[in-house]
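Trainee: So that you have it, the file is entry27.tsv, and it contains TSV, C-alpha atoms:
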```
chain	number	residue	atom	x	y	z
X	1	MET	CA	1.74	-24.94	9.27
X	2	THR	CA	-0.33	-22.21	10.95
X	3	ASP	CA	-4.00	-22.15	9.97
X	4	PRO	CA	-5.14	-19.16	7.88
X	5	ALA	CA	-6.30	-16.13	9.82
X	6	VAL	CA	-9.58	-14.45	8.83
X	7	ILE	CA	-10.04	-10.76	9.56
X	8	ARG	CA	-13.49	-9.28	8.99
X	9	VAL	CA	-13.82	-5.72	7.67
X	10	PRO	CA	-17.22	-4.75	9.14
X	11	LEU	CA	-18.83	-2.42	6.61
X	12	GLY	CA	-22.45	-3.50	6.85
X	13	GLU	CA	-23.73	-4.96	3.58
X	14	ARG	CA	-20.28	-4.45	2.05
X	15	ALA	CA	-18.40	-6.32	4.78
X	16	TYR	CA	-15.71	-8.70	3.57
X	17	ASP	CA	-12.98	-11.02	4.78
X	18	ILE	CA	-9.22	-10.70	4.59
X	19	VAL	CA	-7.74	-14.20	4.65
X	20	VAL	CA	-4.05	-14.45	5.57
X	21	GLY	CA	-2.20	-17.74	5.24
X	22	HIS	CA	0.18	-20.02	3.39
X	23	GLY	CA	-0.88	-21.69	0.10
X	24	LEU	CA	-4.13	-19.77	-0.38
X	25	LEU	CA	-3.65	-19.38	-4.14
X	26	GLU	CA	-4.23	-23.11	-4.64
X	27	VAL	CA	-7.70	-22.86	-3.06
X	28	ALA	CA	-8.53	-19.36	-4.28
X	29	GLY	CA	-11.23	-20.61	-6.65
X	30	GLN	CA	-13.47	-22.04	-3.95
X	31	ARG	CA	-13.07	-18.94	-1.77
X	32	ILE	CA	-13.84	-16.63	-4.70
X	33	ALA	CA	-16.90	-18.70	-5.62
X	34	ALA	CA	-18.15	-18.47	-2.04
X	35	ALA	CA	-17.64	-14.70	-1.91
X	36	CYS	CA	-18.81	-13.76	-5.41
X	37	GLY	CA	-20.90	-16.65	-6.64
X	38	PRO	CA	-20.54	-18.57	-9.92
X	39	GLY	CA	-19.97	-16.81	-13.18
X	40	SER	CA	-17.05	-15.26	-14.99
X	41	VAL	CA	-14.08	-13.30	-13.75
X	42	ALA	CA	-11.35	-11.34	-15.47
X	43	VAL	CA	-7.95	-11.83	-13.87
X	44	VAL	CA	-5.85	-8.70	-14.23
X	45	THR	CA	-2.15	-9.20	-13.67
X	46	ASP	CA	1.21	-8.06	-14.99
X	47	GLU	CA	3.80	-9.85	-17.08
X	48	THR	CA	6.06	-10.65	-14.13
X	49	VAL	CA	3.35	-12.04	-11.82
X	50	ALA	CA	1.72	-13.97	-14.66
X	51	GLY	CA	4.86	-16.02	-15.16
X	52	LEU	CA	5.01	-16.89	-11.48
X	53	HIS	CA	1.44	-17.37	-10.25
X	54	LEU	CA	-1.18	-17.18	-13.01
X	55	GLU	CA	-1.21	-20.92	-13.79
X	56	THR	CA	-1.88	-21.81	-10.14
X	57	LEU	CA	-4.78	-19.36	-9.96
X	58	ASP	CA	-6.22	-20.45	-13.33
X	59	GLU	CA	-6.25	-24.10	-12.24
X	60	SER	CA	-7.91	-23.20	-8.95
X	61	LEU	CA	-10.61	-21.16	-10.70
X	62	GLY	CA	-11.20	-24.02	-13.12
X	63	ARG	CA	-11.68	-26.52	-10.29
X	64	ALA	CA	-14.29	-24.19	-8.81
X	65	GLY	CA	-16.16	-23.97	-12.12
X	66	ILE	CA	-15.40	-20.27	-12.63
X	67	ARG	CA	-14.93	-19.09	-16.21
X	68	CYS	CA	-11.84	-16.94	-16.54
X	69	HIS	CA	-10.50	-14.31	-18.95
X	70	THR	CA	-7.00	-12.93	-18.39
X	71	VAL	CA	-5.63	-9.46	-19.08
X	72	ILE	CA	-1.87	-9.03	-18.75
X	73	VAL	CA	-0.43	-5.51	-18.51
X	74	PRO	CA	3.15	-4.22	-18.28
X	75	PRO	CA	4.70	-4.12	-14.80
X	76	GLY	CA	5.64	-0.90	-13.03
X	77	GLU	CA	4.14	2.30	-11.67
X	78	LYS	CA	3.83	3.86	-15.13
X	79	THR	CA	1.02	1.36	-15.85
X	80	LYS	CA	-1.18	3.36	-13.46
X	81	SER	CA	-2.17	5.78	-16.22
X	82	PHE	CA	-5.21	6.93	-18.18
X	83	ARG	CA	-3.94	5.11	-21.25
X	84	HIS	CA	-3.62	1.74	-19.54
X	85	LEU	CA	-6.93	2.23	-17.73
X	86	GLU	CA	-8.68	2.83	-21.06
X	87	ASP	CA	-7.02	-0.21	-22.62
X	88	LEU	CA	-7.98	-2.38	-19.66
X	89	LEU	CA	-11.62	-1.28	-19.71
X	90	ASP	CA	-11.79	-2.02	-23.43
X	91	ASP	CA	-10.33	-5.50	-22.80
X	92	LEU	CA	-12.91	-6.19	-20.07
X	93	LEU	CA	-15.77	-5.08	-22.32
X	94	ASP	CA	-14.40	-7.13	-25.21
X	95	ALA	CA	-14.36	-10.13	-22.88
X	96	GLY	CA	-18.05	-9.63	-22.10
X	97	ILE	CA	-17.62	-9.08	-18.36
X	98	GLU	CA	-21.11	-8.34	-17.09
X	99	ARG	CA	-22.36	-6.58	-13.97
X	100	GLY	CA	-22.80	-9.92	-12.21
X	101	ASP	CA	-19.22	-10.99	-12.97
X	102	GLY	CA	-16.02	-9.88	-11.28
X	103	VAL	CA	-12.46	-8.64	-11.59
X	104	VAL	CA	-9.61	-10.39	-9.78
X	105	ALA	CA	-6.50	-8.29	-9.15
X	106	LEU	CA	-3.48	-10.62	-9.04
X	107	GLY	CA	-0.38	-8.60	-8.33
X	108	GLY	CA	1.14	-5.80	-6.31
X	109	GLY	CA	-0.16	-2.36	-5.52
X	110	VAL	CA	-0.10	-1.13	-9.11
X	111	ILE	CA	-2.33	-3.99	-10.27
X	112	GLY	CA	-4.60	-3.64	-7.25
X	113	ASP	CA	-5.09	0.08	-7.88
X	114	LEU	CA	-5.57	-0.21	-11.64
X	115	ALA	CA	-7.78	-3.31	-11.59
X	116	GLY	CA	-9.75	-1.92	-8.66
X	117	LEU	CA	-10.44	1.33	-10.49
X	118	SER	CA	-11.53	-0.57	-13.59
X	119	ALA	CA	-13.89	-2.71	-11.49
X	120	SER	CA	-15.44	0.39	-9.94
X	121	LEU	CA	-16.07	1.94	-13.36
X	122	LEU	CA	-17.06	-1.06	-15.48
X	123	ARG	CA	-20.85	-1.11	-15.88
X	124	ARG	CA	-20.95	1.26	-12.87
X	125	GLY	CA	-19.32	-1.31	-10.63
X	126	VAL	CA	-18.58	-5.02	-10.63
X	127	ALA	CA	-17.27	-7.32	-7.89
X	128	LEU	CA	-13.59	-7.08	-7.04
X	129	VAL	CA	-11.29	-9.65	-5.45
X	130	GLN	CA	-7.81	-8.65	-4.36
X	131	ILE	CA	-5.02	-11.25	-4.41
X	132	PRO	CA	-1.96	-9.19	-3.48
X	133	THR	CA	1.39	-10.75	-4.34
X	134	THR	CA	3.72	-8.28	-2.61
X	135	LEU	CA	4.17	-7.66	1.09
X	136	LEU	CA	3.34	-4.00	0.61
X	137	ALA	CA	0.05	-4.77	-1.14
X	138	GLN	CA	-0.89	-7.47	1.39
X	139	VAL	CA	-0.61	-5.15	4.38
X	140	ASP	CA	-1.77	-1.91	2.81
X	141	SER	CA	-3.15	-1.21	-0.66
X	142	SER	CA	-5.31	-4.33	-1.05
X	143	VAL	CA	-7.35	-3.49	2.06
X	144	GLY	CA	-9.75	-0.59	2.35
X	145	GLY	CA	-11.13	-0.04	-1.14
X	146	LYS	CA	-8.87	2.73	-2.42
X	147	THR	CA	-8.21	2.60	-6.15
X	148	GLY	CA	-6.39	5.05	-8.37
X	149	ILE	CA	-4.05	6.06	-11.14
X	150	ASP	CA	-1.29	8.65	-11.29
X	151	THR	CA	-1.23	11.85	-13.34
X	152	ARG	CA	1.47	14.39	-14.12
X	153	HIS	CA	0.19	16.33	-11.09
X	154	GLY	CA	0.96	13.55	-8.64
X	155	LYS	CA	0.26	10.07	-7.34
X	156	ASN	CA	-3.24	8.58	-6.99
X	157	LEU	CA	-5.00	11.85	-7.78
X	158	VAL	CA	-7.68	10.12	-9.87
X	159	GLY	CA	-9.49	7.23	-8.23
X	160	THR	CA	-12.48	5.85	-6.37
X	161	PHE	CA	-13.41	3.99	-3.21
X	162	HIS	CA	-14.51	0.48	-4.25
X	163	GLN	CA	-14.39	-2.19	-1.56
X	164	PRO	CA	-13.42	-5.73	-2.58
X	165	ARG	CA	-15.59	-8.75	-1.89
X	166	LEU	CA	-12.55	-10.68	-0.65
X	167	VAL	CA	-8.83	-10.23	-0.01
X	168	LEU	CA	-6.57	-13.30	-0.18
X	169	ALA	CA	-3.11	-12.65	1.25
X	170	ASP	CA	-1.09	-15.77	0.44
X	171	THR	CA	2.18	-15.36	2.32
X	172	SER	CA	3.80	-18.22	0.38
X	173	VAL	CA	3.93	-16.13	-2.81
X	174	LEU	CA	6.18	-13.61	-1.07
X	175	ALA	CA	9.06	-16.07	-1.45
X	176	THR	CA	9.28	-15.02	-5.11
X	177	LEU	CA	9.83	-11.35	-4.23
X	178	PRO	CA	13.27	-9.79	-4.70
X	179	PRO	CA	14.76	-8.74	-1.34
X	180	ARG	CA	14.41	-5.06	-2.18
X	181	GLU	CA	10.66	-5.44	-2.82
X	182	ARG	CA	10.23	-7.34	0.44
X	183	ARG	CA	12.04	-4.63	2.39
X	184	ALA	CA	9.90	-1.97	0.72
X	185	GLY	CA	6.76	-3.77	1.88
X	186	TYR	CA	8.17	-4.10	5.38
X	187	ALA	CA	8.13	-0.30	5.67
X	188	GLU	CA	4.32	-0.40	5.62
X	189	VAL	CA	4.36	-3.07	8.33
X	190	VAL	CA	6.49	-0.82	10.53
X	191	LYS	CA	4.03	2.00	9.89
X	192	TYR	CA	1.28	0.24	11.84
X	193	GLY	CA	3.48	0.08	14.91
X	194	LEU	CA	4.56	3.69	14.61
X	195	LEU	CA	1.10	5.17	14.12
X	196	GLY	CA	-0.78	3.44	16.92
X	197	ASN	CA	0.75	0.27	18.38
X	198	ARG	CA	4.04	0.73	20.23
X	199	SER	CA	4.09	-2.90	21.38
X	200	PHE	CA	3.88	-4.11	17.76
X	201	PHE	CA	6.83	-1.88	16.86
X	202	GLU	CA	8.75	-3.40	19.78
X	203	TRP	CA	7.87	-6.89	18.47
X	204	LEU	CA	9.21	-5.86	15.07
X	205	GLU	CA	12.43	-4.64	16.66
X	206	ASP	CA	12.89	-8.20	17.97
X	207	HIS	CA	11.55	-10.13	14.96
X	208	GLY	CA	11.80	-7.87	11.90
X	209	GLU	CA	14.72	-9.80	10.44
X	210	SER	CA	12.71	-13.03	10.71
X	211	VAL	CA	9.79	-11.40	8.89
X	212	LEU	CA	12.11	-10.33	6.10
X	213	SER	CA	13.86	-13.69	5.88
X	214	GLY	CA	10.51	-15.41	5.25
X	215	SER	CA	9.85	-17.18	8.55
X	216	ALA	CA	6.32	-18.50	7.95
X	217	PHE	CA	5.12	-17.85	11.50
X	218	HIS	CA	6.61	-14.37	11.87
X	219	LEU	CA	5.55	-13.33	8.37
X	220	GLN	CA	1.95	-14.42	8.85
X	221	HIS	CA	1.83	-12.71	12.25
X	222	ALA	CA	3.15	-9.45	10.79
X	223	VAL	CA	0.67	-9.49	7.89
X	224	GLU	CA	-2.23	-10.45	10.16
X	225	LYS	CA	-1.49	-7.69	12.70
X	226	SER	CA	-1.08	-5.11	9.94
X	227	CYS	CA	-4.32	-6.10	8.19
X	228	ALA	CA	-6.23	-6.13	11.48
X	229	ALA	CA	-4.98	-2.63	12.27
X	230	LYS	CA	-6.00	-1.30	8.87
X	231	ALA	CA	-9.36	-3.09	8.94
X	232	ALA	CA	-10.21	-1.47	12.29
X	233	ILE	CA	-9.37	2.00	10.97
X	234	VAL	CA	-11.24	1.49	7.69
X	235	ALA	CA	-14.33	0.31	9.59
X	236	GLN	CA	-14.37	3.57	11.56
X	237	ASP	CA	-13.50	5.91	8.69
X	238	GLU	CA	-14.03	4.32	5.30
X	239	ARG	CA	-13.52	7.45	3.18
X	240	GLU	CA	-10.64	9.06	5.04
X	241	GLY	CA	-12.58	11.80	6.77
X	242	SER	CA	-10.51	11.71	9.93
X	243	GLU	CA	-8.84	8.70	11.55
X	244	ARG	CA	-8.02	6.87	8.32
X	245	ALA	CA	-5.73	9.75	7.39
X	246	LEU	CA	-3.32	8.44	10.05
X	247	LEU	CA	-2.50	5.63	7.62
X	248	ASN	CA	-0.67	8.28	5.60
X	249	LEU	CA	2.17	8.47	8.12
X	250	GLY	CA	5.23	9.12	5.98
X	251	HIS	CA	3.19	9.35	2.79
X	252	THR	CA	2.99	13.13	2.35
X	253	PHE	CA	6.78	13.29	2.23
X	254	GLY	CA	7.00	9.95	0.42
X	255	HIS	CA	4.58	10.81	-2.39
X	256	ALA	CA	6.41	14.08	-2.99
X	257	LEU	CA	9.68	12.17	-3.32
X	258	GLU	CA	8.09	9.68	-5.75
X	259	THR	CA	6.65	12.47	-7.89
X	260	ALA	CA	10.00	14.26	-7.97
X	261	CYS	CA	11.62	11.01	-9.19
X	262	GLY	CA	9.01	10.58	-11.92
X	263	TYR	CA	8.10	7.00	-10.88
X	264	ASP	CA	11.17	5.82	-12.78
X	265	GLY	CA	12.15	2.94	-10.50
X	266	ARG	CA	14.87	4.70	-8.58
X	267	LEU	CA	12.59	4.87	-5.55
X	268	LEU	CA	10.07	2.18	-4.61
X	269	HIS	CA	6.90	3.24	-2.83
X	270	GLY	CA	7.85	1.50	0.42
X	271	GLU	CA	11.31	3.07	0.31
X	272	ALA	CA	9.69	6.49	-0.10
X	273	VAL	CA	7.45	5.72	2.89
X	274	ALA	CA	10.47	4.69	4.99
X	275	ILE	CA	12.22	7.97	4.20
X	276	GLY	CA	8.93	9.82	4.74
X	277	MET	CA	8.33	8.25	8.16
X	278	THR	CA	11.86	9.17	9.20
X	279	MET	CA	11.19	12.74	8.07
X	280	ALA	CA	7.86	12.82	9.93
X	281	PHE	CA	9.56	11.77	13.16
X	282	ASP	CA	12.46	14.16	12.62
X	283	LEU	CA	10.10	17.08	11.87
X	284	SER	CA	8.04	16.21	14.95
X	285	ALA	CA	11.21	16.17	17.06
X	286	SER	CA	12.39	19.48	15.60
X	287	LEU	CA	9.02	21.05	16.51
X	288	GLY	CA	9.31	19.76	20.08
X	289	LEU	CA	6.41	17.35	19.66
X	290	CYS	CA	8.32	14.08	19.90
X	291	PRO	CA	11.34	12.87	21.89
X	292	ALA	CA	14.48	12.93	19.77
X	293	GLY	CA	15.24	9.46	21.13
X	294	ASP	CA	12.11	8.04	19.50
X	295	ALA	CA	13.06	9.57	16.15
X	296	ALA	CA	16.54	8.06	16.43
X	297	ARG	CA	15.06	4.68	17.37
X	298	VAL	CA	12.83	4.65	14.28
X	299	ARG	CA	15.73	5.61	12.02
X	300	ARG	CA	17.91	2.92	13.59
X	301	HIS	CA	15.35	0.12	13.08
X	302	LEU	CA	14.56	1.04	9.48
X	303	ALA	CA	18.24	1.29	8.60
X	304	ARG	CA	19.03	-2.01	10.33
X	305	THR	CA	16.48	-3.81	8.14
X	306	GLY	CA	18.05	-2.34	5.00
X	307	LEU	CA	15.56	0.45	4.32
X	308	PRO	CA	16.64	3.96	3.29
X	309	VAL	CA	16.13	6.77	5.78
X	310	HIS	CA	17.48	9.60	3.58
X	311	PRO	CA	17.26	10.19	-0.20
X	312	ALA	CA	21.04	9.96	-0.43
X	313	ASP	CA	20.85	6.33	0.75
X	314	LEU	CA	19.60	5.34	-2.72
X	315	GLY	CA	21.68	7.73	-4.77
X	316	ILE	CA	18.53	9.45	-6.01
X	317	GLY	CA	20.47	12.57	-6.91
X	318	THR	CA	19.88	16.20	-6.09
X	319	LEU	CA	16.42	17.04	-4.80
X	320	ASP	CA	15.04	20.53	-4.31
X	321	ALA	CA	13.12	21.37	-1.14
X	322	GLY	CA	10.93	23.88	-3.00
X	323	GLU	CA	9.96	21.27	-5.59
X	324	LEU	CA	9.02	18.78	-2.87
X	325	VAL	CA	6.86	21.35	-1.09
X	326	HIS	CA	5.16	22.13	-4.42
X	327	HIS	CA	4.31	18.45	-4.87
X	328	MET	CA	2.94	18.32	-1.31
X	329	ALA	CA	0.63	21.23	-2.12
X	330	GLN	CA	-0.86	19.09	-4.95
X	331	ASP	CA	-1.62	16.21	-2.59
X	332	LYS	CA	-5.20	14.92	-2.74
X	333	LYS	CA	-5.55	15.48	1.03
X	334	VAL	CA	-5.05	19.26	0.76
X	335	VAL	CA	-8.08	21.18	2.11
X	336	GLY	CA	-8.38	24.92	1.64
X	337	GLY	CA	-4.77	25.06	0.55
X	338	ARG	CA	-3.58	23.56	3.85
X	339	VAL	CA	-1.50	20.40	3.65
X	340	ALA	CA	-2.30	17.57	6.05
X	341	PHE	CA	0.71	16.13	7.85
X	342	VAL	CA	0.70	13.05	10.06
X	343	LEU	CA	3.09	13.86	12.88
X	344	VAL	CA	3.81	12.07	16.15
X	345	HIS	CA	4.08	12.60	19.87
X	346	GLY	CA	6.18	9.44	19.99
X	347	ILE	CA	6.24	5.85	18.75
X	348	GLY	CA	2.63	4.66	18.51
X	349	GLU	CA	1.21	8.17	18.95
X	350	ALA	CA	0.45	9.63	15.54
X	351	PHE	CA	-1.89	12.57	14.94
X	352	LEU	CA	-3.13	14.62	12.00
X	353	THR	CA	-2.47	18.34	11.74
X	354	ARG	CA	-2.89	21.12	9.19
X	355	ASP	CA	-1.12	23.68	11.37
X	356	VAL	CA	2.41	23.27	10.03
X	357	ALA	CA	3.32	26.13	7.71
X	358	LEU	CA	4.84	25.11	4.38
X	359	ASP	CA	7.65	27.60	5.00
X	360	THR	CA	8.54	25.59	8.11
X	361	VAL	CA	8.48	22.38	6.10
X	362	ALA	CA	10.64	23.94	3.39
X	363	GLU	CA	13.24	24.99	5.97
X	364	PHE	CA	13.20	21.49	7.48
X	365	LEU	CA	13.61	19.85	4.07
X	366	THR	CA	16.41	22.21	3.06
X	367	SER	CA	18.29	21.29	6.23
X	368	THR	CA	17.54	17.57	5.87
X	369	LEU	CA	18.56	17.32	2.22
X	370	ALA	CA	21.80	19.19	2.92
X	371	ARG	CA	22.83	16.74	5.64
X	372	THR	CA	24.97	13.74	4.82
X	373	PRO	CA	23.24	10.66	6.26
```
Can I see the file as structure tokens?
Mentor:
Amino acid sequence: MTDPAVIRVPLGERAYDIVVGHGLLEVAGQRIAAACGPGSVAVVTDETVAGLHLETLDESLGRAGIRCHTVIVPPGEKTKSFRHLEDLLDDLLDAGIERGDGVVALGGGVIGDLAGLSASLLRRGVALVQIPTTLLAQVDSSVGGKTGIDTRHGKNLVGTFHQPRLVLADTSVLATLPPRERRAGYAEVVKYGLLGNRSFFEWLEDHGESVLSGSAFHLQHAVEKSCAAKAAIVAQDEREGSERALLNLGHTFGHALETACGYDGRLLHGEAVAIGMTMAFDLSASLGLCPAGDAARVRRHLARTGLPVHPADLGIGTLDAGELVHHMAQDKKVVGGRVAFVLVHGIGEAFLTRDVALDTVAEFLTSTLARTP
């Protein structure tokens, strides 16, 4: 078995490690003790993950002498709400979690965002450890310190930056993921190739099916490369002032699609990102910024790995271009009323622009939604 990889996120006094490897949950306690010190932690997880992985983590924490309180919340995007945040904070206070203690997020992106936000708010900030249990969370949301909840205005519009003390990406837990969830996470892996690493995208073209089938070597390599790419960007631009915004490739379109669907399960986040990246490449090609061949190549690879490249692929139903543009205008990255789009000059050549008129985007979406994929 390949040894764990350790990727350092160099943020001065707040620097931390991302550890990627097989079987890390069984030794999580000793790694958490080393990163956070002795004391108490509250493990925040959901009902699904608790049944699969909580016992292993509890036993590991016990062996390390760490006192543990567990909070189990309902699964699903709708848990990222003010109501569940309030309930969670009350549970943490009832448990007596002090400023010197910590919160451990055991779960996917929803748990990471909700538990991370609670850790940033509780007693004005307590230690946070991320143990992501989905591919999407391992390569994206667990790294970089973003936390948040959704509102009726859109996704992740209320949140904080709160860096973890440690991220443990145990690739062995991904074996419990349904195939659809694994494919959704793979979209975020592809993103790192498309935004700045053409050779990684080419590697994925050759080995993507092995990543999705659970090959230990290929899976660890994909997670490691993705985390290293994100760590490098976060180190340069922690609070998304410039370069970090490139990580939103596909997300402006994708978040609008998710909001239009009401987070009701018809569209997973990674699926929305896959459709959004396809749209970003197609829009770039239509504006003469990107070779049409690159856009077709991206669409072909995503489709070959089972990801949707058009809303009709999932039977989402009728979507309105005007509604999607409205949701984009509510995006948290809007500045002075101008929407930020991550577009491309080609595979591995992403850039940020605010110079695309929303009327142009509306025309593009109207044409795209009318096409049969």
Trainee: For X:Ala312, which residue out of X:Leu268, X:Leu369, X:Ala169, X:Arg63 is the nearest one, using all atoms listed in the file?
Mentor: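 That would be X:Leu369, the residue with the smallest distance to X:Ala312.
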Trainee: Give me, as an NGL selection string, all polymer residues having an atom no more than 9 Å from stretch 154-168 of chain X, counting only C-alpha atoms and skipping those fewer than 5 positions away in the same chain.
Mentor: :X and (14-21 or 24-25 or 28 or 31-32 or 35-36 or 80 or 113 or 116-117 or 119-121 or 125 or 127-132 or 138 or 142-149 or 238-239 or 255-256 or 258-259 or 327-328 or 330-332)
Trainee: Using the file's own x, y and z axes, what box holds all listed atoms of stretch 158-163 of chain X with 6 Å on each side, keeping edges along x, y and z, and what are its centre and edge lengths in Å to one decimal, as AutoDock Vina command-line options?
Mentor:
```
--center_x -11.1 --center_y 4.0 --center_z -5.7 --size_x 18.8 --size_y 24.3 --size_z 20.3
```
Trainee: Compile the contact shell of stretch 43-57 of chain X as a list in words: residues with an atom at most 8 Å away, counting only C-alpha atoms, same-chain residues fewer than 6 positions apart removed.
Mentor: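 The filter keeps Leu25, Glu26, Ala28, Gly29, Cys68, His69, Thr70, Val71, Ile72, Val73, Pro74, Pro75, Val103, Val104, Ala105, Leu106, Gly107, Ile111, Ala115, Thr133, Val173 and Thr176 of chain X.
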Trainee: For stretch 212-229 of chain X, find every residue with an atom within 9 Å (counting all atoms listed in the file), except residues of its own chain fewer than 3 positions away, and show them as an MDAnalysis selection string.
Mentor: chainID X and resid 1:2 4:9 18:22 135 138:140 143 169 171:172 174:175 179 182:183 186 188:193 196:197 200 204 207:209 232:234 305
Trainee: Tell me, in Å to one decimal, how far atom CA of X:Ser60 is from atom CA of X:Gln30.
Mentor: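 So the answer is 7.6 Å.
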Trainee: Would you mind reading off the distance between atom CA of X:Arg67 and atom CA of X:Leu114, one decimal, in Å?
Mentor: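 Separating atom CA of X:Arg67 from atom CA of X:Leu114 is a distance of 21.6 Å.
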Trainee: Return the single residue from X:Leu249, X:Gly306, X:Arg180, X:Ala295 that is closest to X:Met277, with distances computed using only C-alpha atoms.
Mentor: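 Once distances to X:Met277 are computed over only C-alpha atoms, the minimum belongs to X:Leu249.
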Trainee: With all atoms listed in the file as the basis for distance, which of X:Ala272, X:Val27, X:Leu302, X:Ala34 is at the shortest distance from X:Asp58?
Mentor: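 Of the candidates, the smallest distance to X:Asp58 is held by X:Val27.
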Trainee: How many Å separate atom CA of X:Gly39 from atom CA of X:Asp101?
Mentor: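 Calculated distance between atom CA of X:Gly39 and atom CA of X:Asp101 is 5.9 Å.
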Trainee: Between X:Val342, X:Val356, X:Ala260, X:Ala292, which has the minimum distance to X:Gly276 (counting all atoms listed in the file)?
Mentor: X:Val342
Trainee: Please provide the set of residues having any atom within 9 Å of X:Arg266, restricted to all atoms listed in the file, with same-chain residues fewer than 4 positions apart removed, written as a VMD selection string.
Mentor: chain X and resid 258 261 to 262 314 to 316
Trainee: Quick one: residues within 7 Å of X:Val273, all atoms listed in the file, excluding same-chain residues fewer than 5 positions away - as a ChimeraX atom specification?
Mentor: /X:187,250-251,254
Trainee: For X:Gly346, which residue among X:Arg198, X:Arg83, X:Arg304, X:His310 is the nearest when counting only C-alpha atoms?
Mentor: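 Closest to X:Gly346 of all the choices is X:Arg198.
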Trainee: Which residue is closest to X:Asp237? Choose from X:Asp94, X:Leu11, X:Gly100, X:Phe82 and count all atoms listed in the file.
Mentor: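 Smallest distance to X:Asp237 is found for X:Leu11.
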Trainee: Identify the residues within 6 Å of coordinate (7.4, 4.7, 13.5) (same frame as the file), considering all atoms listed in the file, and give the answer as a VMD selection string.
Mentor: chain X and resid 191 194 298 347
